[in-house]
>>> print(open('run.txt').read())   # compact mmCIF, C-alpha atoms
# COMPACT_ATOMS: atom_id res chain seq x y z
CA MET R 1 0.37 18.81 -2.92
CA LYS R 2 -3.23 18.84 -4.14
CA PHE R 3 -5.00 16.25 -6.28
CA TYR R 4 -7.33 17.17 -9.15
CA SER R 5 -10.14 15.36 -10.94
CA THR R 6 -9.44 14.07 -14.43
CA ARG R 7 -12.86 15.45 -15.40
CA ASP R 8 -12.30 18.93 -13.94
CA ARG R 9 -8.81 20.27 -13.25
CA LYS R 10 -10.27 23.05 -11.11
CA LEU R 11 -11.61 20.50 -8.63
CA ARG R 12 -8.74 19.97 -6.18
CA VAL R 13 -8.54 18.16 -2.86
CA THR R 14 -5.98 17.10 -0.28
CA PHE R 15 -4.49 13.60 -0.17
CA LYS R 16 -6.69 12.76 2.81
CA GLU R 17 -9.80 13.89 0.93
CA ALA R 18 -8.80 11.93 -2.17
CA LEU R 19 -8.15 8.86 -0.01
CA ASN R 20 -11.51 9.14 1.72
CA GLN R 21 -13.54 9.94 -1.40
CA GLY R 22 -11.90 7.39 -3.68
CA LEU R 23 -13.65 8.84 -6.72
CA SER R 24 -14.33 12.49 -7.48
CA SER R 25 -17.92 13.72 -7.31
CA ASP R 26 -17.87 14.20 -11.11
CA LEU R 27 -16.79 10.55 -11.60
CA GLY R 28 -13.26 11.65 -12.40
CA LEU R 29 -10.16 10.01 -10.97
CA PHE R 30 -7.83 11.97 -8.73
CA MET R 31 -4.37 12.77 -10.05
CA PRO R 32 -1.47 14.65 -8.41
CA GLU R 33 -1.29 18.25 -9.62
CA TYR R 34 2.19 17.41 -10.87
CA ILE R 35 4.51 14.40 -10.99
CA PRO R 36 7.43 15.30 -8.69
CA LEU R 37 10.92 14.98 -10.12
CA MET R 38 13.33 12.84 -8.12
CA GLY R 39 16.82 14.29 -7.86
CA ALA R 40 20.14 12.99 -9.15
CA ASP R 41 21.18 12.06 -5.62
CA PHE R 42 18.14 9.79 -5.28
CA PHE R 43 18.94 7.93 -8.50
CA SER R 44 22.62 7.56 -7.55
CA ARG R 45 21.54 5.84 -4.31
CA LEU R 46 18.78 3.78 -5.90
CA PRO R 47 20.80 0.57 -6.48
CA ARG R 48 21.45 0.35 -2.72
CA MET R 49 17.98 1.29 -1.49
CA SER R 50 15.39 -1.07 -0.03
CA MET R 51 11.70 -1.00 -0.92
CA PRO R 52 10.72 0.76 2.36
CA GLU R 53 13.40 3.39 1.76
CA ILE R 54 12.18 4.01 -1.79
CA ALA R 55 8.57 4.14 -0.60
CA PHE R 56 9.43 6.71 2.04
CA GLU R 57 11.37 9.02 -0.27
CA VAL R 58 8.98 8.86 -3.22
CA GLY R 59 5.88 8.89 -1.01
CA SER R 60 7.16 11.99 0.79
CA LYS R 61 7.03 13.92 -2.48
CA TYR R 62 3.28 13.33 -2.64
CA ILE R 63 2.02 13.31 0.93
CA ALA R 64 4.67 14.68 3.33
CA GLU R 65 2.53 17.78 3.93
CA GLU R 66 -0.21 15.62 5.46
CA ILE R 67 1.59 12.69 7.10
CA PRO R 68 4.58 13.42 9.38
CA SER R 69 7.89 11.94 8.22
CA SER R 70 8.18 9.67 11.25
CA ILE R 71 4.72 8.22 10.60
CA LEU R 72 5.32 7.87 6.86
CA ARG R 73 8.55 6.00 7.51
CA THR R 74 6.70 3.62 9.84
CA ILE R 75 3.94 3.16 7.24
CA SER R 76 6.55 2.34 4.58
CA ASN R 77 8.35 -0.16 6.83
CA GLU R 78 5.14 -1.94 7.85
CA ALA R 79 3.54 -1.95 4.41
CA PHE R 80 6.60 -3.40 2.65
CA ASN R 81 7.90 -5.86 5.23
CA PHE R 82 8.23 -8.66 2.68
CA PRO R 83 10.86 -9.23 -0.04
CA VAL R 84 10.76 -8.19 -3.67
CA GLY R 85 12.06 -10.82 -6.06
CA LEU R 86 14.23 -9.77 -8.98
CA LYS R 87 15.75 -12.45 -11.23
CA GLN R 88 17.55 -12.54 -14.54
CA ILE R 89 16.21 -15.49 -16.53
CA GLU R 90 17.78 -14.71 -19.90
CA GLU R 91 20.57 -12.45 -21.13
CA ARG R 92 18.16 -9.60 -21.91
CA LYS R 93 15.24 -10.56 -19.69
CA TYR R 94 14.55 -9.96 -16.01
CA VAL R 95 11.54 -10.83 -13.86
CA LEU R 96 10.27 -8.56 -11.10
CA GLU R 97 8.44 -10.86 -8.67
CA LEU R 98 5.71 -9.03 -6.78
CA PHE R 99 4.08 -12.09 -5.21
CA ASN R 100 5.97 -12.43 -1.93
CA GLY R 101 3.42 -10.56 0.17
CA PRO R 102 0.72 -12.14 2.36
CA THR R 103 -1.74 -12.79 -0.50
CA ALA R 104 0.90 -13.74 -3.11
CA ALA R 105 -0.07 -10.96 -5.52
CA PHE R 106 1.23 -7.50 -6.42
CA LYS R 107 -1.92 -5.91 -5.01
CA ASP R 108 -0.36 -6.33 -1.55
CA PHE R 109 1.91 -3.36 -2.23
CA GLY R 110 -0.82 -0.82 -2.87
CA ALA R 111 -3.35 -2.30 -0.47
CA ARG R 112 -1.04 -2.40 2.54
CA PHE R 113 0.29 1.13 2.00
CA MET R 114 -3.23 2.44 1.53
CA SER R 115 -4.64 0.70 4.61
CA GLN R 116 -1.84 2.11 6.76
CA CYS R 117 -2.54 5.64 5.49
CA PHE R 118 -6.23 5.05 6.08
CA LYS R 119 -5.60 3.86 9.61
CA TYR R 120 -3.52 6.95 10.39
CA PHE R 121 -6.23 9.37 9.25
CA SER R 122 -9.18 7.42 10.62
CA GLU R 123 -7.85 7.34 14.18
CA ALA R 124 -8.88 10.98 14.54
CA ASP R 125 -12.35 10.45 12.99
CA ASN R 126 -15.58 9.08 14.36
CA TYR R 127 -17.10 7.91 11.07
CA GLN R 128 -18.15 4.37 10.26
CA THR R 129 -16.21 3.90 7.04
CA VAL R 130 -17.37 1.57 4.29
CA VAL R 131 -14.76 0.55 1.74
CA LEU R 132 -16.28 -0.64 -1.54
CA VAL R 133 -14.05 -2.73 -3.78
CA ALA R 134 -14.62 -4.25 -7.22
CA THR R 135 -12.21 -7.03 -8.11
CA SER R 136 -11.40 -9.20 -11.11
CA GLY R 137 -9.25 -11.50 -9.00
CA ASP R 138 -6.38 -10.51 -6.73
CA THR R 139 -7.50 -7.10 -5.46
CA GLY R 140 -10.19 -8.58 -3.23
CA GLY R 141 -7.82 -10.82 -1.31
CA ALA R 142 -5.21 -8.10 -0.87
CA ILE R 143 -7.75 -5.59 0.43
CA ALA R 144 -9.35 -8.17 2.74
CA ASN R 145 -5.97 -9.03 4.23
CA SER R 146 -4.87 -5.39 4.57
CA PHE R 147 -8.05 -4.09 6.21
CA PHE R 148 -9.00 -7.17 8.25
CA GLY R 149 -9.69 -6.22 11.85
CA ILE R 150 -9.26 -2.44 11.46
CA GLU R 151 -11.71 -0.80 13.85
CA GLY R 152 -14.44 1.36 12.35
CA VAL R 153 -13.93 0.07 8.81
CA ASP R 154 -16.20 -2.30 6.89
CA VAL R 155 -14.90 -3.72 3.61
CA ILE R 156 -17.41 -4.85 0.99
CA ILE R 157 -15.91 -6.70 -1.98
CA LEU R 158 -17.80 -7.17 -5.25
CA TYR R 159 -16.49 -9.96 -7.48
CA PRO R 160 -17.87 -11.68 -10.62
CA SER R 161 -19.36 -15.09 -9.87
CA GLN R 162 -17.49 -18.07 -11.38
CA LYS R 163 -14.91 -15.76 -12.99
CA VAL R 164 -12.17 -15.95 -10.36
CA SER R 165 -10.13 -18.94 -9.26
CA LEU R 166 -11.19 -20.98 -6.22
CA LEU R 167 -8.16 -19.77 -4.28
CA GLN R 168 -8.84 -16.13 -5.19
CA GLU R 169 -12.46 -16.56 -4.12
CA ASN R 170 -11.47 -18.09 -0.79
CA GLN R 171 -9.04 -15.21 -0.17
CA MET R 172 -11.94 -12.76 -0.07
CA THR R 173 -14.84 -14.86 1.24
CA THR R 174 -13.38 -16.62 4.28
CA TYR R 175 -12.24 -13.77 6.56
CA GLY R 176 -15.54 -12.76 8.14
CA LYS R 177 -15.63 -9.99 10.80
CA ASN R 178 -15.39 -6.66 8.95
CA ILE R 179 -14.92 -8.26 5.50
CA THR R 180 -18.02 -9.00 3.38
CA ALA R 181 -18.04 -10.50 -0.14
CA LEU R 182 -20.80 -9.83 -2.67
CA GLU R 183 -20.82 -12.42 -5.45
CA ILE R 184 -22.17 -10.64 -8.54
CA ASP R 185 -23.91 -12.61 -11.28
CA GLY R 186 -22.04 -10.75 -14.02
CA THR R 187 -18.62 -9.48 -15.08
CA PHE R 188 -15.93 -7.37 -13.43
CA ASP R 189 -17.18 -4.41 -15.45
CA ASP R 190 -20.59 -4.86 -13.79
CA CYS R 191 -18.91 -4.85 -10.37
CA GLN R 192 -16.88 -1.75 -11.21
CA SER R 193 -19.93 0.08 -12.55
CA MET R 194 -21.91 -0.70 -9.38
CA VAL R 195 -19.12 0.65 -7.17
CA LYS R 196 -18.70 3.82 -9.22
CA SER R 197 -22.44 4.45 -9.18
CA ALA R 198 -22.56 4.12 -5.40
CA PHE R 199 -20.08 6.97 -4.99
CA VAL R 200 -22.25 9.31 -7.01
CA GLN R 201 -25.80 8.20 -6.22
CA LEU R 202 -25.90 6.73 -2.72
CA GLU R 203 -27.37 9.07 -0.10
CA THR R 204 -25.45 8.26 3.07
CA ASN R 205 -27.20 10.93 5.19
CA GLY R 206 -24.02 11.39 7.16
CA LYS R 207 -24.30 7.91 8.69
CA ILE R 208 -21.32 6.35 6.90
CA ARG R 209 -18.31 7.51 4.90
CA LEU R 210 -18.01 5.70 1.59
CA THR R 211 -14.63 5.16 -0.07
CA SER R 212 -12.91 2.77 -2.45
CA ALA R 213 -9.78 0.66 -2.24
CA ASN R 214 -9.56 -0.12 -5.94
CA SER R 215 -6.74 1.35 -7.98
CA ILE R 216 -9.19 4.12 -8.82
CA ASN R 217 -8.14 5.39 -5.37
CA ILE R 218 -4.98 7.46 -5.70
CA ALA R 219 -3.67 6.00 -2.42
CA ARG R 220 -3.51 2.62 -4.15
CA LEU R 221 -1.95 4.00 -7.30
CA ILE R 222 0.98 5.98 -5.86
CA PRO R 223 2.62 2.95 -4.15
CA GLN R 224 2.29 1.02 -7.41
CA SER R 225 5.06 3.24 -8.73
CA PHE R 226 7.51 2.37 -5.95
CA TYR R 227 8.62 -1.07 -7.14
CA TYR R 228 9.58 0.20 -10.59
CA TYR R 229 12.30 2.32 -8.99
CA TYR R 230 13.50 -0.84 -7.24
CA ALA R 231 13.47 -2.85 -10.49
CA ILE R 232 15.42 -0.33 -12.56
CA GLY R 233 17.79 0.57 -9.73
CA HIS R 234 18.68 -3.03 -8.97
CA THR R 235 19.23 -4.04 -12.61
CA GLY R 236 21.87 -1.44 -13.43
CA ASN R 237 19.96 1.86 -13.17
CA ASP R 238 19.84 2.18 -16.97
CA LYS R 239 17.03 2.34 -19.51
CA LYS R 240 15.02 -0.83 -19.85
CA VAL R 241 11.74 -1.91 -21.36
CA LEU R 242 8.97 -2.58 -18.84
CA SER R 243 6.35 -5.13 -19.87
CA VAL R 244 3.34 -4.90 -17.59
CA PRO R 245 0.36 -7.31 -17.61
CA SER R 246 -2.53 -4.88 -17.84
CA GLY R 247 -6.16 -5.21 -16.81
CA ASN R 248 -7.51 -2.08 -15.13
CA PHE R 249 -4.26 -0.30 -16.09
CA GLY R 250 -3.30 0.92 -12.62
CA ASN R 251 -0.01 -1.01 -12.64
CA ILE R 252 1.28 0.46 -15.88
CA THR R 253 0.05 3.93 -14.90
CA GLY R 254 2.20 3.67 -11.77
CA ALA R 255 5.16 2.76 -13.99
CA VAL R 256 4.57 5.78 -16.22
CA MET R 257 4.37 8.04 -13.16
CA ALA R 258 7.80 6.75 -12.08
CA TRP R 259 9.18 7.48 -15.57
CA LYS R 260 7.75 11.01 -15.48
CA SER R 261 9.67 11.56 -12.23
CA GLY R 262 12.94 10.78 -13.98
CA LEU R 263 13.24 6.97 -13.87
CA PRO R 264 15.11 5.74 -16.98
CA VAL R 265 12.70 3.65 -19.10
CA GLU R 266 13.12 2.88 -22.80
CA ARG R 267 9.53 1.83 -23.45
CA PHE R 268 6.40 0.47 -21.82
CA ILE R 269 4.61 -2.63 -23.08
CA ALA R 270 0.93 -2.82 -22.18
CA SER R 271 0.46 -6.59 -22.43
CA THR R 272 -3.14 -7.82 -22.28
CA ASN R 273 -5.23 -10.91 -22.86
CA ILE R 274 -8.03 -10.82 -25.46
CA ASN R 275 -9.63 -7.92 -23.60
CA LYS R 276 -7.68 -5.63 -25.89
CA ALA R 277 -9.38 -2.23 -26.01
CA VAL R 278 -6.13 -0.43 -25.17
CA PRO R 279 -3.81 -2.32 -27.57
CA ASP R 280 -6.38 -1.59 -30.28
CA TYR R 281 -6.33 2.09 -29.32
CA LEU R 282 -2.54 2.17 -29.50
CA MET R 283 -2.72 0.72 -33.00
CA THR R 284 -5.56 2.85 -34.36
CA GLY R 285 -6.09 5.87 -32.12
CA LEU R 286 -9.69 4.73 -31.55
CA TYR R 287 -10.84 3.64 -28.10
CA ASN R 288 -13.73 1.20 -28.13
CA PRO R 289 -14.36 -0.37 -24.71
CA ALA R 290 -16.28 -3.63 -24.80
CA ALA R 291 -17.82 -6.15 -22.46
CA SER R 292 -15.10 -8.14 -20.73
CA VAL R 293 -14.40 -11.69 -21.87
CA LYS R 294 -13.36 -14.47 -19.49
CA THR R 295 -9.80 -15.80 -19.89
CA ILE R 296 -7.27 -17.84 -17.91
CA ALA R 297 -5.52 -14.57 -17.01
CA ASN R 298 -8.65 -13.53 -15.16
CA ALA R 299 -7.29 -10.55 -13.20
CA MET R 300 -6.94 -8.82 -16.58
CA ASP R 301 -10.48 -9.52 -17.76
CA VAL R 302 -11.42 -5.84 -18.01
CA GLY R 303 -13.21 -4.46 -21.03
CA ASN R 304 -13.23 -0.81 -19.98
CA PRO R 305 -10.19 -0.14 -17.76
CA SER R 306 -10.68 2.77 -15.36
CA ASN R 307 -7.05 3.81 -15.11
CA PHE R 308 -6.72 4.25 -18.86
CA GLU R 309 -8.22 7.68 -18.17
CA ARG R 310 -5.22 8.48 -15.97
CA LEU R 311 -2.78 7.14 -18.54
CA LEU R 312 -4.27 9.43 -21.17
CA GLU R 313 -4.10 12.33 -18.73
CA ILE R 314 -0.35 11.88 -18.25
CA PHE R 315 0.14 12.05 -22.03
CA ASP R 316 -2.26 15.01 -22.41
CA HIS R 317 -4.75 12.82 -24.34
CA ASP R 318 -2.34 12.95 -27.29
CA TRP R 319 -2.24 9.67 -29.25
CA GLU R 320 1.08 10.52 -30.90
CA ARG R 321 2.68 11.16 -27.53
CA ILE R 322 1.40 7.99 -25.90
CA ILE R 323 2.47 5.69 -28.76
CA SER R 324 5.94 7.26 -28.63
CA MET R 325 6.41 5.52 -25.26
CA VAL R 326 3.76 2.77 -25.00
CA SER R 327 3.23 -0.30 -27.18
CA GLY R 328 0.33 -2.70 -26.76
CA TYR R 329 0.18 -6.42 -27.51
CA TRP R 330 -2.53 -8.95 -26.73
CA PHE R 331 -2.55 -12.74 -26.49
CA ASP R 332 -5.18 -15.48 -26.26
CA ASP R 333 -5.43 -18.41 -23.85
CA ASP R 334 -3.69 -20.87 -26.17
CA GLN R 335 -0.72 -18.53 -26.57
CA ILE R 336 -0.55 -18.04 -22.80
CA ARG R 337 -0.51 -21.78 -22.09
CA GLN R 338 2.06 -22.43 -24.81
CA HIS R 339 4.33 -19.71 -23.47
CA ILE R 340 4.21 -20.98 -19.88
CA SER R 341 5.40 -24.35 -21.23
CA TYR R 342 7.98 -22.74 -23.54
CA GLU R 343 9.56 -20.55 -20.84
CA TYR R 344 9.71 -23.42 -18.37
CA LYS R 345 11.47 -25.69 -20.87
CA LYS R 346 13.84 -22.93 -21.97
CA THR R 347 14.83 -21.36 -18.65
CA GLY R 348 13.20 -23.42 -15.88
CA TYR R 349 11.21 -20.36 -14.78
CA ILE R 350 7.54 -20.90 -13.93
CA LEU R 351 5.20 -18.11 -15.01
CA ASP R 352 1.63 -17.56 -13.90
CA PRO R 353 -0.83 -16.68 -16.72
CA HIS R 354 -0.48 -12.92 -16.12
CA GLY R 355 3.30 -13.05 -16.05
CA ALA R 356 3.15 -15.13 -19.23
CA VAL R 357 1.25 -12.32 -20.96
CA ALA R 358 3.94 -9.84 -19.89
CA SER R 359 6.67 -12.23 -21.04
CA LEU R 360 5.04 -12.66 -24.43
CA GLY R 361 4.82 -8.90 -24.82
CA LEU R 362 8.46 -8.36 -23.94
CA ASP R 363 9.62 -11.16 -26.25
CA ARG R 364 7.73 -9.61 -29.15
CA TYR R 365 9.39 -6.24 -28.55
CA LEU R 366 12.88 -7.66 -28.01
CA ASN R 367 12.67 -9.69 -31.21
CA ASP R 368 12.38 -6.41 -33.11
CA ASN R 369 14.84 -4.48 -30.94
CA ARG R 370 17.98 -6.57 -30.56
CA GLY R 371 19.88 -3.99 -28.53
CA SER R 372 17.25 -3.69 -25.82
CA SER R 373 16.71 -5.51 -22.53
CA GLY R 374 13.67 -5.53 -20.33
CA ILE R 375 11.82 -6.51 -17.20
CA ILE R 376 8.57 -8.45 -17.05
CA ILE R 377 6.26 -7.86 -14.13
CA GLU R 378 5.17 -11.12 -12.49
CA THR R 379 2.10 -10.15 -10.53
CA ALA R 380 0.94 -13.38 -8.90
CA HIS R 381 2.44 -16.61 -7.61
CA PRO R 382 1.88 -19.41 -10.15
CA ALA R 383 0.46 -21.64 -7.40
CA LYS R 384 -2.61 -19.38 -7.37
CA PHE R 385 -3.31 -20.80 -10.83
CA CYS R 386 -2.07 -24.35 -10.36
CA ASP R 387 -5.02 -25.77 -12.32
CA ILE R 388 -3.76 -23.88 -15.37
CA VAL R 389 0.00 -24.03 -14.86
CA GLU R 390 0.57 -27.60 -13.67
CA PRO R 391 -0.93 -29.34 -16.74
CA VAL R 392 1.31 -27.40 -19.12
CA ILE R 393 4.59 -27.81 -17.21
CA HIS R 394 3.75 -31.41 -16.12
CA ARG R 395 4.73 -31.00 -12.48
CA SER R 396 3.12 -29.96 -9.24
CA LEU R 397 3.73 -26.57 -7.70
CA ASP R 398 4.74 -25.77 -4.15
CA MET R 399 2.05 -23.76 -2.41
CA PRO R 400 3.27 -20.84 -0.26
CA ASP R 401 2.29 -21.20 3.38
CA SER R 402 0.36 -17.91 3.16
CA LEU R 403 -1.99 -19.50 0.62
CA LYS R 404 -2.42 -22.96 2.15
CA ILE R 405 -4.73 -21.65 4.85
CA PHE R 406 -7.24 -20.56 2.21
CA LEU R 407 -7.60 -23.99 0.62
CA SER R 408 -9.95 -25.25 3.32
CA GLY R 409 -11.70 -22.05 4.43
CA LYS R 410 -15.49 -21.86 4.46
CA LYS R 411 -16.86 -19.53 1.82
CA LYS R 412 -19.30 -16.83 2.95
CA SER R 413 -20.75 -14.58 0.27
CA HIS R 414 -23.97 -12.81 -0.64
CA PHE R 415 -25.19 -13.55 -4.17
CA MET R 416 -26.40 -10.46 -6.00
CA LYS R 417 -27.70 -9.61 -9.46
CA PRO R 418 -25.74 -7.01 -11.45
CA GLY R 419 -27.03 -3.44 -11.35
CA TYR R 420 -26.58 -0.55 -8.98
CA ARG R 421 -30.12 -0.71 -7.56
CA PHE R 422 -29.37 -4.07 -5.95
CA LEU R 423 -26.23 -2.74 -4.28
CA GLU R 424 -28.12 0.36 -3.18
CA GLU R 425 -30.85 -1.73 -1.56
CA TYR R 426 -28.24 -3.82 0.24
CA LEU R 427 -26.33 -0.83 1.58
CA LYS R 428 -29.46 1.05 2.64
CA ASP R 429 -30.73 -1.97 4.53
CA ARG R 430 -27.40 -2.83 6.12
CA TYR R 431 -26.60 0.69 7.34
CA LYS R 432 -30.18 1.94 7.82
CA LEU R 433 -29.64 4.82 5.39
>>> encode(input="run.txt", output="structure tokens")
Amino acid sequence: MKFYSTRDRKLRVTFKEALNQGLSSDLGLFMPEYIPLMGADFFSRLPRMSMPEIAFEVGSKYIAEEIPSSILRTISNEAFNFPVGLKQIEERKYVLELFNGPTAAFKDFGARFMSQCFKYFSEADNYQTVVLVATSGDTGGAIANSFFGIEGVDVIILYPSQKVSLLQENQMTTYGKNITALEIDGTFDDCQSMVKSAFVQLETNGKIRLTSANSINIARLIPQSFYYYYAIGHTGNDKKVLSVPSGNFGNITGAVMAWKSGLPVERFIASTNINKAVPDYLMTGLYNPAASVKTIANAMDVGNPSNFERLLEIFDHDWERIISMVSGYWFDDDQIRQHISYEYKKTGYILDPHGAVASLGLDRYLNDNRGSSGIIIETAHPAKFCDIVEPVIHRSLDMPDSLKIFLSGKKKSHFMKPGYRFLEEYLKDRYKL
């Protein structure tokens, strides 16, 4: 299978090239030339399949021509060697828990699969590879954990200063070795813009290979479809509503890719905080990206989501088609806090702020569609946001062992002003370009 640029369908590359480039030379995002259909036999077996088994079978449809089956099976087993939580908390409401990986966030799924693919291809290369990552919260920690210690790979993480939680910051600033954190005096959109500009403007002179590990990289996006097969398959294999907390829109794009392959889905809910450019588009047909605004659901503080371009591509940039399958709702900080408290009192389930946004979105849809049931996507462990969650549920949270080690780590970051020229100066000096 080849992968094309969303800006130029004639520009096509292999999976390895898309992985290594991250972003197309025309600033487009790579997409598979088609979404492969999964057969009836696959869906009949789905309720009994594990995450590694699903990853192997679905992943094979995209990349089997470039990664041998035995290697891909090993990659799938190693990338997804932690449990997926799936709970029914109300008669018509399930929760897909994606926070049981090493950094307690859903980004572990895509990051670990991508790093394993990267490791396989890089073993035959002699390049010094530099992975640039912009993060609004959880991506940085997942990428740092997944790439830590990989020979020949430097990871440089850009994150907005004072706009991530202390735990999130420690997860990307305390590793050292081949992991470097750049603390940007701006927003996530500034970080993302700097990374994108580097791919187009930086002259590497053949000294380094530059790539990205954000969800703009197709190798991060494809595995974000895998857990939706697990969720539907293990809740009856019938049509359900999927409510996805949406920031850069990679997670919901992965869900739509799974649906296009044949997965039974009734509707998608793009649930956001007050950074609501996409919900506004779904209501009006007009897309007006804006500067991101800080909220308590910080991983979703994205004013101009990159993967929205991919979502539009899947629906042929047709507003009527996209609203036939996707609804958008947004919620402010007060609503998020109130809902965390409400759900805890009602069901005993503890939501993190991002899961609360998804839960609010699903509740709104189910209130108007009494015959439907759905799944909310819980993307981060609530203990990562204990300063927000504990005051509203009036109890302390148990911290996973994987997170405790980051509470006392020593932060190491380089403070940087927003703007590509500052990143360019840093990279040129560091790598003698």
>>> residues_around(input="run.txt", residues="stretch 251-260 of chain R", least_positions_apart="6", cutoff="9 Å", atoms="only C-alpha atoms", output="PDB file with C-alpha atoms, in the frame of the given file")
ATOM      1  CA  ILE R  35       4.510  14.400 -10.990  1.00  0.00           C
ATOM      2  CA  PRO R  36       7.430  15.300  -8.690  1.00  0.00           C
ATOM      3  CA  LEU R  37      10.920  14.980 -10.120  1.00  0.00           C
ATOM      4  CA  SER R 215      -6.740   1.350  -7.980  1.00  0.00           C
ATOM      5  CA  LEU R 221      -1.950   4.000  -7.300  1.00  0.00           C
ATOM      6  CA  ILE R 222       0.980   5.980  -5.860  1.00  0.00           C
ATOM      7  CA  PRO R 223       2.620   2.950  -4.150  1.00  0.00           C
ATOM      8  CA  GLN R 224       2.290   1.020  -7.410  1.00  0.00           C
ATOM      9  CA  SER R 225       5.060   3.240  -8.730  1.00  0.00           C
ATOM     10  CA  PHE R 226       7.510   2.370  -5.950  1.00  0.00           C
ATOM     11  CA  TYR R 227       8.620  -1.070  -7.140  1.00  0.00           C
ATOM     12  CA  TYR R 228       9.580   0.200 -10.590  1.00  0.00           C
ATOM     13  CA  TYR R 229      12.300   2.320  -8.990  1.00  0.00           C
ATOM     14  CA  LEU R 242       8.970  -2.580 -18.840  1.00  0.00           C
ATOM     15  CA  SER R 243       6.350  -5.130 -19.870  1.00  0.00           C
ATOM     16  CA  VAL R 244       3.340  -4.900 -17.590  1.00  0.00           C
ATOM     17  CA  PRO R 245       0.360  -7.310 -17.610  1.00  0.00           C
ATOM     18  CA  PHE R 268       6.400   0.470 -21.820  1.00  0.00           C
ATOM     19  CA  ILE R 269       4.610  -2.630 -23.080  1.00  0.00           C
ATOM     20  CA  ALA R 270       0.930  -2.820 -22.180  1.00  0.00           C
ATOM     21  CA  ASN R 307      -7.050   3.810 -15.110  1.00  0.00           C
ATOM     22  CA  PHE R 308      -6.720   4.250 -18.860  1.00  0.00           C
ATOM     23  CA  ARG R 310      -5.220   8.480 -15.970  1.00  0.00           C
ATOM     24  CA  LEU R 311      -2.780   7.140 -18.540  1.00  0.00           C
ATOM     25  CA  ILE R 314      -0.350  11.880 -18.250  1.00  0.00           C
TER      26      ILE R 314
END
>>> closest_residue(input="run.txt", among="R:Thr14, R:Gln162, R:Asn275, R:Thr379", to="R:Tyr62", atoms="all atoms listed in the file")
R:Thr14
>>> closest_atom_pairs(input="run.txt", of="stretch 134-179 of chain R", to="stretch 204-210 of chain R", cutoff="12 Å", atoms="only C-alpha atoms", output="Markdown table")
| residue | atom | partner | partner_atom | distance |
| --- | --- | --- | --- | --- |
| R:Gly152 | CA | R:Ile208 | CA | 10.1 |
| R:Val153 | CA | R:Arg209 | CA | 9.5 |
| R:Asp154 | CA | R:Leu210 | CA | 9.8 |
| R:Val155 | CA | R:Leu210 | CA | 10.1 |
| R:Ile156 | CA | R:Leu210 | CA | 10.6 |
>>> residues_around(input="run.txt", residues="R:Tyr329", least_positions_apart="4", cutoff="10 Å", atoms="all atoms listed in the file", output="number ranges by chain")
R: 243, 245, 269-274, 276, 278-280, 282-283, 357-358, 360-362, 364-365
>>> atom_distance(input="run.txt", atom1="atom CA of R:Ile296", atom2="atom CA of R:Ile184")
19.0 Å
>>> atom_distance(input="run.txt", atom1="atom CA of R:Ile218", atom2="atom CA of R:Ala55")
14.9 Å
>>> residues_around(input="run.txt", residues="R:Met399", least_positions_apart="5", cutoff="9 Å", atoms="only C-alpha atoms", output="NGL selection string")
:R and (381-384 or 386 or 404)
>>> closest_residue(input="run.txt", among="R:Pro418, R:Glu378, R:Gly236, R:Ile71", to="R:Asp185", atoms="all atoms listed in the file")
R:Pro418
>>> closest_atom_pairs(input="run.txt", of="stretch 195-280 of chain R", to="stretch 136-142 of chain R", cutoff="10 Å", atoms="all atoms listed in the file", output="JSON lines")
{"residue": "R:Ala213", "atom": "CA", "partner": "R:Thr139", "partner_atom": "CA", "distance": 8.7}
{"residue": "R:Asn214", "atom": "CA", "partner": "R:Thr139", "partner_atom": "CA", "distance": 7.3}
{"residue": "R:Ser215", "atom": "CA", "partner": "R:Thr139", "partner_atom": "CA", "distance": 8.9}
{"residue": "R:Gly247", "atom": "CA", "partner": "R:Ser136", "partner_atom": "CA", "distance": 8.7}
{"residue": "R:Asn248", "atom": "CA", "partner": "R:Ser136", "partner_atom": "CA", "distance": 9.1}
>>> atom_distance(input="run.txt", atom1="atom CA of R:Phe109", atom2="atom CA of R:Glu78")
10.7 Å
>>> closest_residue(input="run.txt", among="R:Asp125, R:Glu57, R:Asp332, R:Glu183", to="R:Leu72", atoms="all atoms listed in the file")
R:Glu57
>>> residues_around(input="run.txt", residues="R:Glu343", least_positions_apart="5", cutoff="10 Å", atoms="all atoms listed in the file", output="VMD selection string")
chain R and resid 89 338 348 to 351 356 359 to 360 393
>>> closest_residue(input="run.txt", among="R:Ser246, R:Ser212, R:Thr129, R:Asn20", to="R:Ala299", atoms="only C-alpha atoms")
R:Ser246
>>> residues_near_point(input="run.txt", point="(17.5, -0.9, -16.3)", cutoff="9 Å", atoms="only C-alpha atoms", output="CSV table (one decimal) with C-alpha atoms, in the frame of the given file")
chain,number,residue,atom,x,y,z
R,231,ALA,CA,13.5,-2.8,-10.5
R,232,ILE,CA,15.4,-0.3,-12.6
R,233,GLY,CA,17.8,0.6,-9.7
R,234,HIS,CA,18.7,-3.0,-9.0
R,235,THR,CA,19.2,-4.0,-12.6
R,236,GLY,CA,21.9,-1.4,-13.4
R,237,ASN,CA,20.0,1.9,-13.2
R,238,ASP,CA,19.8,2.2,-17.0
R,239,LYS,CA,17.0,2.3,-19.5
R,240,LYS,CA,15.0,-0.8,-19.8
R,241,VAL,CA,11.7,-1.9,-21.4
R,264,PRO,CA,15.1,5.7,-17.0
R,265,VAL,CA,12.7,3.6,-19.1
R,266,GLU,CA,13.1,2.9,-22.8
R,373,SER,CA,16.7,-5.5,-22.5
R,374,GLY,CA,13.7,-5.5,-20.3
R,375,ILE,CA,11.8,-6.5,-17.2
